[in-house]
file work_8.txt (compact mmCIF, C-alpha atoms)
# COMPACT_ATOMS: atom_id res chain seq x y z
CA MET A 1 12.83 -18.56 -17.11
CA SER A 2 13.17 -15.02 -18.43
CA ASP A 3 16.66 -13.48 -18.33
CA LYS A 4 15.19 -10.23 -17.05
CA ALA A 5 15.79 -9.22 -13.45
CA PRO A 6 12.99 -10.61 -11.26
CA ARG A 7 10.30 -8.16 -10.23
CA ARG A 8 10.11 -7.67 -6.49
CA TYR A 9 6.63 -7.05 -5.18
CA HIS A 10 5.61 -6.69 -1.56
CA ILE A 11 2.05 -7.92 -1.22
CA LEU A 12 1.23 -6.90 2.37
CA GLY A 13 2.88 -6.67 5.76
CA ASP A 14 4.66 -9.37 7.70
CA GLY A 15 1.44 -10.44 9.40
CA LYS A 16 2.43 -9.28 12.92
CA MET A 17 0.23 -6.20 13.16
CA GLY A 18 -3.08 -7.96 13.78
CA GLU A 19 -5.58 -5.74 15.57
CA ASP A 20 -3.09 -2.84 15.72
CA PHE A 21 -4.22 -2.10 12.15
CA LEU A 22 -6.84 0.41 13.26
CA ASP A 23 -4.61 2.16 15.79
CA LYS A 24 -1.90 2.64 13.17
CA ILE A 25 -4.33 4.41 10.84
CA LEU A 26 -4.92 7.00 13.54
CA GLU A 27 -1.35 7.14 14.90
CA LEU A 28 0.22 7.70 11.50
CA GLY A 29 -2.38 10.29 10.58
CA LEU A 30 -3.18 8.55 7.30
CA LEU A 31 -6.51 10.27 7.04
CA ALA A 32 -6.17 12.90 9.74
CA LYS A 33 -8.58 15.79 9.65
CA GLY A 34 -10.53 14.24 6.81
CA ILE A 35 -7.76 14.75 4.27
CA ILE A 36 -6.55 11.85 2.12
CA PRO A 37 -2.81 12.33 1.46
CA GLU A 38 -1.57 13.23 -1.98
CA GLU A 39 0.17 10.58 -4.09
CA ASP A 40 3.61 11.96 -3.16
CA ASP A 41 2.88 11.44 0.54
CA TYR A 42 1.79 7.83 0.42
CA GLU A 43 5.14 6.30 1.36
CA ASP A 44 5.15 8.26 4.60
CA HIS A 45 1.69 7.03 5.59
CA GLN A 46 1.67 3.32 4.85
CA VAL A 47 -0.49 1.34 7.22
CA TYR A 48 1.34 -1.92 6.53
CA GLU A 49 4.88 -2.81 7.50
CA GLU A 50 7.32 -3.88 4.83
CA PRO A 51 8.03 -7.64 4.73
CA LYS A 52 11.48 -9.02 5.35
CA GLU A 53 13.68 -9.40 2.30
CA THR A 54 13.57 -12.89 0.81
CA LYS A 55 15.00 -14.57 -2.24
CA PRO A 56 12.84 -14.52 -5.37
CA GLN A 57 11.40 -17.71 -6.80
CA LYS A 58 13.83 -19.08 -9.39
CA THR A 59 11.86 -21.82 -11.09
CA VAL A 60 8.29 -22.88 -11.69
CA GLU A 61 7.58 -25.96 -9.64
CA GLY A 62 4.28 -27.59 -10.58
CA TYR A 63 1.56 -26.86 -13.07
CA LEU A 64 -1.90 -25.28 -12.94
CA TYR A 65 -4.74 -25.65 -15.42
CA TRP A 66 -8.35 -24.57 -15.15
CA ARG A 67 -11.29 -24.04 -17.47
CA ALA A 68 -14.07 -21.62 -16.50
CA PRO A 69 -17.55 -21.75 -18.05
CA SER A 70 -17.77 -17.95 -18.39
CA ALA A 71 -14.88 -15.94 -19.83
CA GLU A 72 -16.98 -12.80 -19.34
CA TYR A 73 -17.18 -13.44 -15.59
CA ILE A 74 -13.40 -13.96 -15.32
CA ARG A 75 -12.76 -10.70 -17.16
CA ASP A 76 -15.21 -8.86 -14.84
CA LEU A 77 -13.36 -10.33 -11.86
CA LEU A 78 -9.97 -9.20 -13.20
CA GLU A 79 -11.36 -5.71 -13.87
CA THR A 80 -12.55 -5.52 -10.25
CA LEU A 81 -9.07 -6.42 -9.00
CA HIS A 82 -7.56 -3.88 -11.37
CA VAL A 83 -9.42 -1.09 -9.55
CA LEU A 84 -6.79 -1.40 -6.81
CA ASN A 85 -3.58 -2.30 -8.62
CA ASP A 86 -2.00 -3.04 -12.01
CA GLU A 87 -0.45 -6.27 -10.71
CA VAL A 88 -1.99 -9.21 -8.89
CA PHE A 89 -0.39 -12.28 -7.30
CA PHE A 90 -2.19 -15.60 -6.89
CA THR A 91 -1.63 -18.67 -4.73
CA ALA A 92 -3.23 -21.90 -5.96
CA ASP A 93 -3.57 -25.29 -4.29
CA ALA A 94 -5.81 -28.33 -4.68
CA ASN A 95 -8.78 -26.60 -3.07
CA GLN A 96 -8.74 -22.98 -4.16
CA ILE A 97 -7.13 -19.95 -5.75
CA LYS A 98 -6.50 -16.95 -3.49
CA THR A 99 -5.17 -13.44 -3.77
CA GLN A 100 -4.79 -10.35 -1.61
CA LEU A 101 -3.89 -6.96 -3.01
CA MET A 102 -4.10 -3.35 -2.03
CA ASP A 103 -3.88 0.00 -3.74
CA PRO A 104 -0.60 1.97 -3.76
CA SER A 105 -1.89 4.30 -1.03
CA HIS A 106 -2.55 1.33 1.30
CA ILE A 107 -6.08 2.61 1.97
CA SER A 108 -8.05 -0.16 0.24
CA LEU A 109 -7.61 -3.94 0.20
CA ILE A 110 -9.20 -6.87 -1.65
CA ASP A 111 -9.20 -10.46 -0.40
CA LEU A 112 -10.45 -12.99 -2.97
CA THR A 113 -10.98 -16.75 -2.70
CA ILE A 114 -12.28 -18.97 -5.53
CA GLY A 115 -12.99 -22.63 -4.80
CA SER A 116 -11.65 -25.21 -7.25
CA TYR A 117 -15.20 -26.44 -7.79
CA ALA A 118 -16.02 -23.14 -9.53
CA PHE A 119 -14.30 -24.48 -12.64
CA GLU A 120 -15.41 -27.04 -15.20
CA GLU A 121 -11.89 -28.46 -15.07
CA TYR A 122 -9.24 -27.90 -12.42
CA GLU A 123 -5.84 -29.58 -12.31
CA ILE A 124 -2.77 -28.75 -10.26
CA GLU A 125 0.59 -30.46 -9.88
CA GLY A 126 2.50 -29.63 -6.74
CA GLU A 127 1.29 -28.67 -3.28
CA LYS A 128 1.15 -24.92 -4.02
CA LEU A 129 1.79 -22.70 -7.01
CA GLU A 130 2.37 -18.92 -6.88
CA PHE A 131 2.48 -16.50 -9.79
CA GLY A 132 1.73 -12.90 -10.69
CA LEU A 133 -0.04 -11.26 -13.63
CA ASP A 134 0.18 -7.78 -15.11
CA LEU A 135 -3.54 -6.89 -15.09
CA LYS A 136 -3.13 -3.72 -17.12
CA ARG A 137 -1.48 -5.60 -19.98
CA LEU A 138 -3.73 -8.64 -19.69
CA LEU A 139 -6.97 -6.65 -19.88
CA LYS A 140 -5.66 -4.85 -22.97
CA ILE A 141 -5.13 -8.05 -24.91
CA LEU A 142 -8.27 -9.94 -23.81
CA PRO A 143 -11.37 -9.39 -25.97
CA LYS A 144 -14.05 -7.24 -24.34
CA LYS A 145 -17.03 -9.06 -25.81
CA LEU A 146 -16.96 -12.50 -24.21
CA LYS A 147 -20.61 -13.37 -23.69
CA LYS A 148 -21.18 -17.15 -24.05
CA HIS A 149 -17.41 -17.71 -24.30
CA SER A 150 -15.43 -19.93 -21.92
CA MET A 151 -11.83 -19.51 -20.80
CA ALA A 152 -8.93 -21.88 -20.07
CA PHE A 153 -5.74 -20.99 -18.21
CA GLY A 154 -2.45 -22.87 -18.05
CA TYR A 155 0.72 -22.00 -16.14
CA PRO A 156 3.45 -22.48 -17.13
CA ALA A 157 2.60 -22.52 -20.82
CA ASP A 158 5.49 -24.89 -21.50
CA GLU A 159 8.57 -26.36 -19.81
CA GLU A 160 10.96 -23.67 -21.04
CA SER A 161 9.15 -20.42 -20.20
CA ASP A 162 7.43 -18.69 -17.34
CA LYS A 163 4.56 -17.49 -19.52
CA ALA A 164 0.91 -18.24 -18.85
CA LYS A 165 -1.38 -19.43 -21.64
CA ILE A 166 -4.95 -18.14 -21.83
CA THR A 167 -7.40 -19.68 -24.28
CA ILE A 168 -10.74 -18.14 -25.20
CA ILE A 169 -13.30 -20.62 -26.58
CA ASP A 170 -16.36 -19.31 -28.43
CA PRO A 171 -19.75 -21.13 -28.57
CA THR A 172 -18.75 -22.94 -31.79
CA GLY A 173 -15.56 -24.33 -30.23
CA SER A 174 -13.16 -22.03 -32.07
CA THR A 175 -10.24 -20.88 -29.94
CA GLN A 176 -8.04 -17.83 -29.54
CA GLU A 177 -4.79 -18.18 -27.58
CA PHE A 178 -2.81 -15.55 -25.69
CA TYR A 179 0.58 -15.88 -23.97
CA ILE A 180 1.66 -13.45 -21.27
CA ASP A 181 4.74 -13.21 -19.05
CA THR A 182 4.12 -13.91 -15.39
CA LEU A 183 5.60 -11.91 -12.52
CA GLU A 184 7.92 -13.51 -9.99
CA VAL A 185 6.78 -13.37 -6.39
CA LEU A 186 8.66 -12.69 -3.19
CA GLU A 187 7.31 -14.85 -0.40
CA SER A 188 5.70 -12.72 2.30
CA SER A 189 2.90 -13.18 4.79
CA THR A 190 -0.47 -11.65 4.02
CA TYR A 191 -3.43 -11.06 6.25
CA THR A 192 -6.80 -9.35 6.40
CA PRO A 193 -7.08 -6.97 9.38
CA LYS A 194 -9.47 -8.13 12.09
CA PHE A 195 -11.76 -5.73 13.92
CA ALA A 196 -15.08 -5.83 15.72
CA ILE A 197 -18.25 -5.33 13.67
CA THR A 198 -21.25 -3.71 15.40
CA ALA A 199 -23.65 -3.31 12.47
CA LYS A 200 -24.29 -4.93 9.13
CA ALA A 201 -26.73 -4.73 6.24
CA ARG A 202 -27.19 -6.95 3.20
CA LEU A 203 -28.18 -4.77 0.25
CA ASN A 204 -28.83 -4.86 -3.45
CA ILE A 205 -25.41 -3.92 -4.84
CA HIS A 206 -26.85 -1.97 -7.78
CA THR A 207 -28.88 0.22 -5.40
CA LEU A 208 -25.84 0.86 -3.22
CA TYR A 209 -23.72 1.79 -6.25
CA GLN A 210 -26.32 4.26 -7.53
CA ILE A 211 -26.48 6.00 -4.14
CA ILE A 212 -22.69 6.22 -3.77
CA ARG A 213 -22.36 7.43 -7.37
CA GLN A 214 -24.97 10.12 -6.77
CA ALA A 215 -23.10 11.17 -3.62
CA GLU A 216 -19.89 11.41 -5.63
CA LYS A 217 -21.52 13.50 -8.36
CA ILE A 218 -22.58 16.32 -6.05
CA GLY A 219 -18.98 17.46 -5.95
CA GLU A 220 -18.39 17.39 -9.70
CA GLY A 221 -17.30 20.77 -11.02
CA GLU A 222 -16.19 21.96 -7.57
CA TRP A 223 -12.66 22.00 -6.18
CA THR A 224 -13.47 19.68 -3.34
CA THR A 225 -13.14 16.04 -2.33
CA VAL A 226 -16.48 14.38 -1.69
CA TYR A 227 -16.83 12.09 1.30
CA VAL A 228 -19.77 9.85 2.04
CA THR A 229 -20.93 9.01 5.54
CA ILE A 230 -22.55 5.60 5.95
CA ALA A 231 -24.60 4.91 9.08
CA ILE A 232 -26.29 1.62 9.99
CA SER A 233 -28.83 1.52 12.82
CA GLN A 234 -31.45 -0.96 13.98
CA ASP A 235 -34.03 0.73 11.72
CA ALA A 236 -32.25 1.88 8.56
CA VAL A 237 -29.16 2.46 6.47
CA LYS A 238 -28.44 6.15 5.96
CA ILE A 239 -25.97 7.45 3.37
CA SER A 240 -25.13 11.16 3.25
CA SER A 241 -22.61 13.49 1.67
CA LYS A 242 -22.01 17.18 1.12
CA ALA A 243 -19.96 19.43 -1.12
CA ASP A 244 -19.42 23.19 -0.94
CA SER A 245 -22.96 24.03 -2.05
CA VAL A 246 -24.92 20.76 -2.03
CA GLU A 247 -25.91 18.16 0.55
CA MET A 248 -27.54 14.77 0.01
CA THR A 249 -29.04 12.15 2.31
CA LYS A 250 -30.57 8.81 1.33
CA THR A 251 -32.34 6.62 3.87
CA ILE A 252 -33.08 2.95 3.23
CA ASP A 253 -35.43 1.68 5.96
CA ARG A 254 -35.87 -1.96 6.91
CA TYR A 255 -38.97 -2.25 4.70
CA ASP A 256 -37.19 -1.14 1.52
CA PRO A 257 -37.11 -4.04 -1.00
CA SER A 258 -33.41 -3.33 -1.72
CA LEU A 259 -32.51 -4.05 1.93
CA TYR A 260 -32.47 -7.81 2.49
CA GLU A 261 -31.05 -8.00 6.02
CA LEU A 262 -30.33 -5.52 8.82
CA GLU A 263 -28.60 -6.11 12.15
CA ALA A 264 -27.11 -3.58 14.57
CA ASP A 265 -26.22 -3.62 18.26
CA SER A 266 -26.19 0.18 18.13
CA GLU A 267 -25.78 2.78 15.40
CA ALA A 268 -22.42 2.61 13.63
CA HIS A 269 -21.14 5.28 11.27
CA ALA A 270 -17.98 6.24 9.41
CA LYS A 271 -16.86 8.53 6.60
CA PHE A 272 -15.20 7.34 3.39
CA SER A 273 -13.95 8.58 0.04
CA ALA A 274 -16.97 8.47 -2.29
CA GLU A 275 -14.72 8.16 -5.34
CA ARG A 276 -12.95 5.03 -4.06
CA LEU A 277 -16.20 3.27 -3.13
CA SER A 278 -17.79 4.25 -6.44
CA LYS A 279 -14.89 2.91 -8.53
CA PHE A 280 -14.95 -0.43 -6.75
CA LEU A 281 -18.74 -0.88 -6.88
CA ALA A 282 -18.87 0.09 -10.57
CA LYS A 283 -16.89 -3.06 -11.41
CA ALA A 284 -17.99 -5.32 -8.54
CA ARG A 285 -21.71 -4.99 -9.39
CA LYS A 286 -21.05 -7.10 -12.50
CA LEU A 287 -20.14 -10.06 -10.28
CA THR A 288 -23.20 -10.33 -8.04
CA ASP A 289 -26.55 -8.75 -7.18
CA GLU A 290 -25.97 -8.33 -3.45
CA VAL A 291 -23.37 -7.11 -0.99
CA LEU A 292 -22.95 -7.43 2.77
CA VAL A 293 -21.93 -4.08 4.32
CA GLU A 294 -20.23 -4.38 7.73
CA LEU A 295 -19.42 -1.35 9.83
CA SER A 296 -18.21 -0.04 13.20
CA THR A 297 -17.92 3.62 14.14
CA ASN A 298 -14.81 5.22 12.58
CA LYS A 299 -13.46 1.84 11.54
CA PRO A 300 -12.86 0.43 8.02
CA ILE A 301 -15.87 -0.60 5.99
CA ARG A 302 -15.98 -4.21 4.82
CA LEU A 303 -17.96 -5.19 1.74
CA THR A 304 -18.41 -8.92 1.18
CA LEU A 305 -19.55 -10.18 -2.22
CA PRO A 306 -20.63 -13.76 -2.80
CA THR A 307 -19.03 -14.82 -6.08
CA GLN A 308 -19.23 -18.00 -8.13
CA SER A 309 -18.07 -20.66 -5.64
CA GLY A 310 -16.08 -18.14 -3.65
CA GLU A 311 -16.00 -14.82 -1.83
CA LEU A 312 -14.56 -11.36 -2.40
CA GLN A 313 -13.98 -8.94 0.46
CA TYR A 314 -13.18 -5.26 0.03
CA LEU A 315 -11.91 -3.10 2.90
CA GLN A 316 -11.47 0.66 2.86
CA ALA A 317 -10.00 2.80 5.64
CA PRO A 318 -12.16 5.59 7.06
CA VAL A 319 -11.59 9.33 6.95
CA VAL A 320 -11.31 10.47 10.55
CA ASP A 321 -12.21 14.06 11.46
CA GLN A 322 -10.21 15.60 14.27

call {"tool": "encode", "arguments": {"input": "work_8.txt", "output": "structure tokens"}}
result
Amino acid sequence: MSDKAPRRYHILGDGKMGEDFLDKILELGLLAKGIIPEEDDYEDHQVYEEPKETKPQKTVEGYLYWRAPSAEYIRDLLETLHVLNDEVFFTADANQIKTQLMDPSHISLIDLTIGSYAFEEYEIEGEKLEFGLDLKRLLKILPKKLKKHSMAFGYPADEESDKAKITIIDPTGSTQEFYIDTLEVLESSTYTPKFAITAKARLNIHTLYQIIRQAEKIGEGEWTTVYVTIAISQDAVKISSKADSVEMTKTIDRYDPSLYELEADSEAHAKFSAERLSKFLAKARKLTDEVLVELSTNKPIRLTLPTQSGELQYLQAPVVDQ
């Protein structure tokens, strides 16, 4: 193990908040009056409770190895996670690899599960293995052009270190190896907030990104934060935004070829940061061609992406006008 002091990282809350998640957004005033707090204010507006202090993991117990058929896809997946945070922590067992992470402001959250059958090879020793990776550093060292390349991952790289070994294999079989320090993990409970959904729409993710990006652009050059209001009814999905001098509305009715499925008990609508949605969708659209949008009035939006033998969920808290 490294002789450096272990890095302490709190993944999420202690798991006891449950459905109080939504009430706490409003009670704490996280997004009161439509204003997202500045970076310096984030600590005073955290939605999640801090976990109880626990002892850091001292040794690596077990071993994990997998080989993925597409290195390009793995890089795209890591870039999507990096939208929220520089560091990510994984839990692996015989059936799957999972992670949950959120951005420093505690406004957005990603929940990712990848089944073991997504890999060409998958081997694990031990009931469960946990480790963290510095995404910022990892994405700097990995090649950007990985089309038709595969990727192998081994942790730990050897019996005497806590490094992970990443191997890139090109179509000819030539390899390139990288070693990177892993991050020690404090055990803490994680959870995805549960809340009622009253409307949902399955859309072409590229179409959704283009609309959100266009909504974001209307505020460029102006000293204003652009918010986008998403409304789902029984007949259509409506996305609108406005800046100081410009307004935009896009309606996708049930007959639009980019709308694959539409279901709503009644109209649901909520307002969100256009910039946050745009940044996530810009990376996530490389993973899949469709996205399930789930919504309730003034509640978080949930975007579910089917991935290769798994699922990625993205949640973002609403901006509540008062």

call {"tool": "residues_around", "arguments": {"input": "work_8.txt", "residues": "Glu125 (chain A)", "least_positions_apart": "3", "cutoff": "10 Å", "atoms": "only C-alpha atoms", "output": "list in words"}}
result
Glu61, Gly62, Tyr63, Leu64, Tyr65, Asp93, Ala94, Lys128 and Leu129 of chain A

call {"tool": "atom_distance", "arguments": {"input": "work_8.txt", "atom1": "CA of Asp321 (chain A)", "atom2": "CA of Ser233 (chain A)"}}
result
20.9 Å

call {"tool": "atom_distance", "arguments": {"input": "work_8.txt", "atom1": "CA of Arg254 (chain A)", "atom2": "CA of Leu277 (chain A)"}}
result
22.7 Å

call {"tool": "residues_around", "arguments": {"input": "work_8.txt", "residues": "Asp111 (chain A)", "least_positions_apart": "4", "cutoff": "10 Å", "atoms": "all atoms listed in the file", "output": "ChimeraX atom specification"}}
result
/A:81,98-102,190-192,304,311-315

call {"tool": "closest_atom_pairs", "arguments": {"input": "work_8.txt", "of": "region 143-252 of chain A", "to": "region 130-135 of chain A", "cutoff": "9 Å", "atoms": "only C-alpha atoms", "output": "CSV"}}
result
residue,atom,partner,partner_atom,distance
A:Tyr155,CA,A:Phe131,CA,8.6
A:Ala164,CA,A:Leu133,CA,8.8
A:Ile180,CA,A:Leu133,CA,8.1
A:Asp181,CA,A:Leu133,CA,7.5
A:Thr182,CA,A:Leu133,CA,5.2
A:Leu183,CA,A:Gly132,CA,4.4
A:Glu184,CA,A:Phe131,CA,6.2
A:Val185,CA,A:Phe131,CA,6.3

call {"tool": "atom_distance", "arguments": {"input": "work_8.txt", "atom1": "CA of Phe272 (chain A)", "atom2": "CA of Leu78 (chain A)"}}
result
24.0 Å

call {"tool": "residues_around", "arguments": {"input": "work_8.txt", "residues": "region 285-292 of chain A", "least_positions_apart": "4", "cutoff": "7 Å", "atoms": "all atoms listed in the file", "output": "PyMOL selection string"}}
result
chain A and resi 73+76-77+200-206+281+303-307

call {"tool": "residues_around", "arguments": {"input": "work_8.txt", "residues": "Lys144 (chain A)", "least_positions_apart": "6", "cutoff": "10 Å", "atoms": "all atoms listed in the file", "output": "ChimeraX atom specification"}}
result
/A:71-72,75-76

call {"tool": "closest_residue", "arguments": {"input": "work_8.txt", "among": "A:Ala274, A:Val246, A:Val83, A:Ile252", "to": "Leu139 (chain A)", "atoms": "all atoms listed in the file"}}
result
A:Val83

call {"tool": "closest_residue", "arguments": {"input": "work_8.txt", "among": "A:Lys148, A:Ala157, A:Glu247, A:Ala236", "to": "Glu263 (chain A)", "atoms": "all atoms listed in the file"}}
result
A:Ala236

call {"tool": "closest_residue", "arguments": {"input": "work_8.txt", "among": "A:Lys299, A:Lys271, A:Asn85, A:Val228", "to": "Ser105 (chain A)", "atoms": "all atoms listed in the file"}}
result
A:Asn85

call {"tool": "closest_residue", "arguments": {"input": "work_8.txt", "among": "A:Ile74, A:Ala68, A:Met151, A:Ala243", "to": "Thr225 (chain A)", "atoms": "only C-alpha atoms"}}
result
A:Ala243

call {"tool": "build_atoms", "arguments": {"input": "work_8.txt", "residues": "region 139-152 of chain A", "atoms": "N, CA, C and O atoms", "output": "PDB file, in the frame of the given file"}}
result
ATOM      1  N   LEU A 139      -5.646  -7.147 -19.500  1.00  0.00           N
ATOM      2  CA  LEU A 139      -6.970  -6.650 -19.880  1.00  0.00           C
ATOM      3  C   LEU A 139      -6.951  -5.942 -21.232  1.00  0.00           C
ATOM      4  O   LEU A 139      -7.977  -5.845 -21.897  1.00  0.00           O
ATOM      5  N   LYS A 140      -5.771  -5.469 -21.643  1.00  0.00           N
ATOM      6  CA  LYS A 140      -5.660  -4.850 -22.970  1.00  0.00           C
ATOM      7  C   LYS A 140      -5.740  -5.884 -24.076  1.00  0.00           C
ATOM      8  O   LYS A 140      -6.296  -5.622 -25.153  1.00  0.00           O
ATOM      9  N   ILE A 141      -5.180  -7.064 -23.833  1.00  0.00           N
ATOM     10  CA  ILE A 141      -5.130  -8.050 -24.910  1.00  0.00           C
ATOM     11  C   ILE A 141      -6.371  -8.950 -24.938  1.00  0.00           C
ATOM     12  O   ILE A 141      -6.714  -9.499 -25.989  1.00  0.00           O
ATOM     13  N   LEU A 142      -7.071  -9.095 -23.821  1.00  0.00           N
ATOM     14  CA  LEU A 142      -8.270  -9.940 -23.810  1.00  0.00           C
ATOM     15  C   LEU A 142      -9.425  -9.246 -24.521  1.00  0.00           C
ATOM     16  O   LEU A 142      -9.632  -8.045 -24.344  1.00  0.00           O
ATOM     17  N   PRO A 143     -10.200  -9.977 -25.320  1.00  0.00           N
ATOM     18  CA  PRO A 143     -11.370  -9.390 -25.970  1.00  0.00           C
ATOM     19  C   PRO A 143     -12.351  -8.864 -24.922  1.00  0.00           C
ATOM     20  O   PRO A 143     -12.463  -9.401 -23.817  1.00  0.00           O
ATOM     21  N   LYS A 144     -13.076  -7.801 -25.268  1.00  0.00           N
ATOM     22  CA  LYS A 144     -14.050  -7.240 -24.340  1.00  0.00           C
ATOM     23  C   LYS A 144     -15.414  -7.920 -24.432  1.00  0.00           C
ATOM     24  O   LYS A 144     -16.142  -8.004 -23.451  1.00  0.00           O
ATOM     25  N   LYS A 145     -15.747  -8.400 -25.618  1.00  0.00           N
ATOM     26  CA  LYS A 145     -17.030  -9.060 -25.810  1.00  0.00           C
ATOM     27  C   LYS A 145     -16.830 -10.568 -25.673  1.00  0.00           C
ATOM     28  O   LYS A 145     -16.350 -11.232 -26.587  1.00  0.00           O
ATOM     29  N   LEU A 146     -17.214 -11.093 -24.514  1.00  0.00           N
ATOM     30  CA  LEU A 146     -16.960 -12.500 -24.210  1.00  0.00           C
ATOM     31  C   LEU A 146     -18.217 -13.253 -23.777  1.00  0.00           C
ATOM     32  O   LEU A 146     -18.121 -14.321 -23.180  1.00  0.00           O
ATOM     33  N   LYS A 147     -19.370 -12.713 -24.078  1.00  0.00           N
ATOM     34  CA  LYS A 147     -20.610 -13.370 -23.690  1.00  0.00           C
ATOM     35  C   LYS A 147     -20.716 -14.739 -24.381  1.00  0.00           C
ATOM     36  O   LYS A 147     -20.452 -14.871 -25.569  1.00  0.00           O
ATOM     37  N   LYS A 148     -21.045 -15.765 -23.596  1.00  0.00           N
ATOM     38  CA  LYS A 148     -21.180 -17.150 -24.050  1.00  0.00           C
ATOM     39  C   LYS A 148     -19.848 -17.791 -24.425  1.00  0.00           C
ATOM     40  O   LYS A 148     -19.826 -18.866 -25.029  1.00  0.00           O
ATOM     41  N   HIS A 149     -18.729 -17.126 -24.083  1.00  0.00           N
ATOM     42  CA  HIS A 149     -17.410 -17.710 -24.300  1.00  0.00           C
ATOM     43  C   HIS A 149     -16.938 -18.346 -22.989  1.00  0.00           C
ATOM     44  O   HIS A 149     -17.331 -17.922 -21.896  1.00  0.00           O
ATOM     45  N   SER A 150     -16.082 -19.359 -23.093  1.00  0.00           N
ATOM     46  CA  SER A 150     -15.430 -19.930 -21.920  1.00  0.00           C
ATOM     47  C   SER A 150     -13.946 -19.592 -21.976  1.00  0.00           C
ATOM     48  O   SER A 150     -13.446 -19.095 -22.989  1.00  0.00           O
ATOM     49  N   MET A 151     -13.244 -19.869 -20.879  1.00  0.00           N
ATOM     50  CA  MET A 151     -11.830 -19.510 -20.800  1.00  0.00           C
ATOM     51  C   MET A 151     -11.037 -20.636 -20.135  1.00  0.00           C
ATOM     52  O   MET A 151     -11.495 -21.232 -19.159  1.00  0.00           O
ATOM     53  N   ALA A 152      -9.852 -20.924 -20.678  1.00  0.00           N
ATOM     54  CA  ALA A 152      -8.930 -21.880 -20.070  1.00  0.00           C
ATOM     55  C   ALA A 152      -7.621 -21.174 -19.743  1.00  0.00           C
ATOM     56  O   ALA A 152      -7.210 -20.245 -20.450  1.00  0.00           O
TER      57      ALA A 152
END
